[in-house]
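Trainee: Please find one structure pasted underneath; my questions will follow.
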Amino acid sequence: MWVHARANRGWRWSGILAATAALTVVACQDGKAPTGEHEFSRGRMAARGARTQEAEATIEVFAPENGDHVGQNGVGWFIDLAVEFETGDVASTGFTGSQLTGPGVHNNAAPLPGNDGLGADDKFSGLIVLVSTNSAGAGGCQNLADLFNITGPTNITEDEVEIWDTWIIEGPYTGAHTPSIMWVAEADDLNGDGIFNDAPDVVTDSNGDGRCNEADLKAVGLASGVAEKRFFIN
């Protein structure tokens, strides 16, 4: 059972901030304003983990939460999440090694190298993260998982593996002064090799409505439910 709470995460935020203090801030172009309806409230989801009855993975998003107002001028906010797998086999989760990465000179740099870019993450290649107001790459259909800075296991037992993943947004390509929606999911083992490593670089707009959302993620084929967060980017 997920028992994480905002009040008990101070130790984690302090560690993240210390580990990433040296990351270079990269100037990016302003993101485009979102389209479609966006409704916001301070209500929290009663069941915060996203899964289905048949799911083999559970998504937990710690930040942002519904109704949060994040960042300053589009930058400096966090996406912080965890994926829990119903297996003790780390290799089957698609996780290939911890990373501490970022833009510029921090990309693929020691001691915990990892790629920093668009698309599926080279270290955790089943994760899909969409942000409705993203302007980089394929916009709202672009998988942003490879931009995550810190990835690593926080729990490994005989029947469970938990991977935590964090991204400090260092450029306003996800928009500024605008409402936004994020969707997070874990791709299913689409090629049948026994590993959850089949996240697409770009999600297909399966219903042709000009945007990507939960319906398009489900069309990909998922090992989890879809976690959705609605928030405002300052």
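Note on naming: chains are A, B, ... as they come in the structure tokens, residues start from 1 per chain, ligands start from 1 in the order shown.
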Just want the 9 Å neighbourhood of range 193-208 of chain A, counted on only C-alpha atoms, with same-chain residues fewer than 3 positions away dropped. Output as a PyMOL selection string.
Mentor: chain A and resi 91-95+118-121+124-128+130+137-138+140-145+186-190+211-213+215-217+219-220+223
Trainee: Show me, as a list in words, the residues that have an atom within 6 Å of range 178-181 of chain A when counting only C-alpha atoms, minus same-chain residues fewer than 3 positions from it.
Mentor: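 Counting only the stated atoms, we get Val131, Ser132, Thr133, Lys229, Arg230, Phe231, Phe232 and Ile233 of chain A.
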Trainee: So the first atom is CA of Val83 in chain A and the second is CA of Asn66 in chain A; what is the distance between them in Å, to one decimal place?
Mentor: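 The value is 18.7 Å.
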Trainee: Tell me which of A:Ile156, A:Ala57, A:Ile163, A:Leu81 sits closest to Gln99 in chain A, counting only C-alpha atoms.
Mentor: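 Closest residue, counting only C-alpha atoms: A:Ile163.
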Trainee: With distances taken over only C-alpha atoms, which residue among A:Gly152, A:Gly76, A:Pro64, A:Gly71 lies nearest Leu100 in chain A?
Mentor: A:Gly152
Trainee: Range 61-156 of chain A: which residues are helix (DSSP H, G or I) by DSSP, as a VMD selection string?
Mentor: chain A and resid 90 to 93 104 to 106 139 to 141 145 to 147
Trainee: If you keep all heavy atoms, can you produce a file of those selected residues as a CSV table (one decimal), in the first residue's frame?
Mentor:
chain,number,residue,atom,x,y,z
A,90,VAL,N,14.4,-7.1,-11.2
A,90,VAL,CA,14.6,-5.7,-11.6
A,90,VAL,C,14.8,-5.6,-13.1
A,90,VAL,O,14.2,-4.6,-13.7
A,90,VAL,CB,15.9,-5.2,-10.9
A,90,VAL,CG1,16.2,-3.8,-11.4
A,90,VAL,CG2,15.7,-5.2,-9.4
A,91,ALA,N,15.4,-6.5,-13.7
A,91,ALA,CA,15.7,-6.4,-15.2
A,91,ALA,C,14.3,-6.4,-15.9
A,91,ALA,O,14.3,-5.7,-17.0
A,91,ALA,CB,16.5,-7.6,-15.6
A,92,SER,N,13.3,-7.0,-15.5
A,92,SER,CA,12.0,-7.1,-16.2
A,92,SER,C,11.3,-5.8,-16.2
A,92,SER,O,10.4,-5.5,-16.9
A,92,SER,CB,11.1,-8.2,-15.6
A,92,SER,OG,10.7,-7.8,-14.3
A,93,THR,N,11.7,-4.8,-15.3
A,93,THR,CA,11.0,-3.5,-15.1
A,93,THR,C,11.4,-2.5,-16.2
A,93,THR,O,10.9,-1.5,-16.3
A,93,THR,CB,11.3,-2.9,-13.8
A,93,THR,OG1,12.6,-2.5,-13.7
A,93,THR,CG2,10.9,-3.9,-12.6
A,104,GLY,N,23.4,20.0,-21.1
A,104,GLY,CA,24.7,20.5,-21.2
A,104,GLY,C,25.8,19.5,-20.8
A,104,GLY,O,25.8,18.3,-21.1
A,105,VAL,N,26.7,20.0,-20.0
A,105,VAL,CA,27.9,19.2,-19.6
A,105,VAL,C,27.4,18.0,-18.6
A,105,VAL,O,28.2,17.1,-18.4
A,105,VAL,CB,28.9,20.0,-18.8
A,105,VAL,CG1,29.5,21.1,-19.8
A,105,VAL,CG2,28.3,20.7,-17.6
A,106,HIS,N,26.2,18.1,-18.1
A,106,HIS,CA,25.7,17.0,-17.2
A,106,HIS,C,25.2,15.8,-18.0
A,106,HIS,O,24.9,14.8,-17.4
A,106,HIS,CB,24.7,17.6,-16.3
A,106,HIS,CG,25.2,18.8,-15.5
A,106,HIS,ND1,26.0,18.7,-14.5
A,106,HIS,CD2,24.9,20.1,-15.7
A,106,HIS,CE1,26.3,19.9,-14.0
A,106,HIS,NE2,25.6,20.8,-14.7
A,139,GLY,N,5.2,18.1,-29.2
A,139,GLY,CA,4.3,18.8,-28.4
A,139,GLY,C,3.6,17.9,-27.4
A,139,GLY,O,4.3,17.1,-26.7
A,140,GLY,N,2.3,18.0,-27.2
A,140,GLY,CA,1.6,17.2,-26.2
A,140,GLY,C,1.7,15.7,-26.4
A,140,GLY,O,1.3,14.9,-25.5
A,141,CYS,N,2.1,15.2,-27.6
A,141,CYS,CA,2.2,13.8,-27.9
A,141,CYS,C,3.7,13.3,-27.6
A,141,CYS,O,4.0,12.1,-27.8
A,141,CYS,CB,1.8,13.4,-29.3
A,141,CYS,SG,0.1,13.7,-29.6
A,145,ALA,N,9.9,11.4,-20.9
A,145,ALA,CA,10.6,10.6,-19.8
A,145,ALA,C,12.1,10.7,-19.8
A,145,ALA,O,12.8,10.7,-18.8
A,145,ALA,CB,10.2,9.2,-19.9
A,146,ASP,N,12.7,10.9,-21.0
A,146,ASP,CA,14.2,11.0,-21.1
A,146,ASP,C,14.8,12.2,-20.5
A,146,ASP,O,16.0,12.4,-20.3
A,146,ASP,CB,14.7,10.8,-22.5
A,146,ASP,CG,16.1,10.3,-22.6
A,146,ASP,OD1,16.5,9.5,-21.7
A,146,ASP,OD2,16.8,10.7,-23.6
A,147,LEU,N,13.9,13.2,-20.2
A,147,LEU,CA,14.4,14.5,-19.6
A,147,LEU,C,14.5,14.3,-18.1
A,147,LEU,O,15.0,15.3,-17.4
A,147,LEU,CB,13.4,15.6,-19.9
A,147,LEU,CG,13.5,16.1,-21.4
A,147,LEU,CD1,12.3,17.0,-21.6
A,147,LEU,CD2,14.8,16.8,-21.7
Trainee: Figure out the distance between CA of Pro153 in chain A and CA of Glu86 in chain A, please, to one decimal in Å.
Mentor: 13.9 Å
Trainee: I'd like the interatomic distance between CA of His177 in chain A and CA of Gly210 in chain A, to a tenth of an Å.
Mentor: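 Between CA of His177 in chain A and CA of Gly210 in chain A the gap is 22.5 Å.
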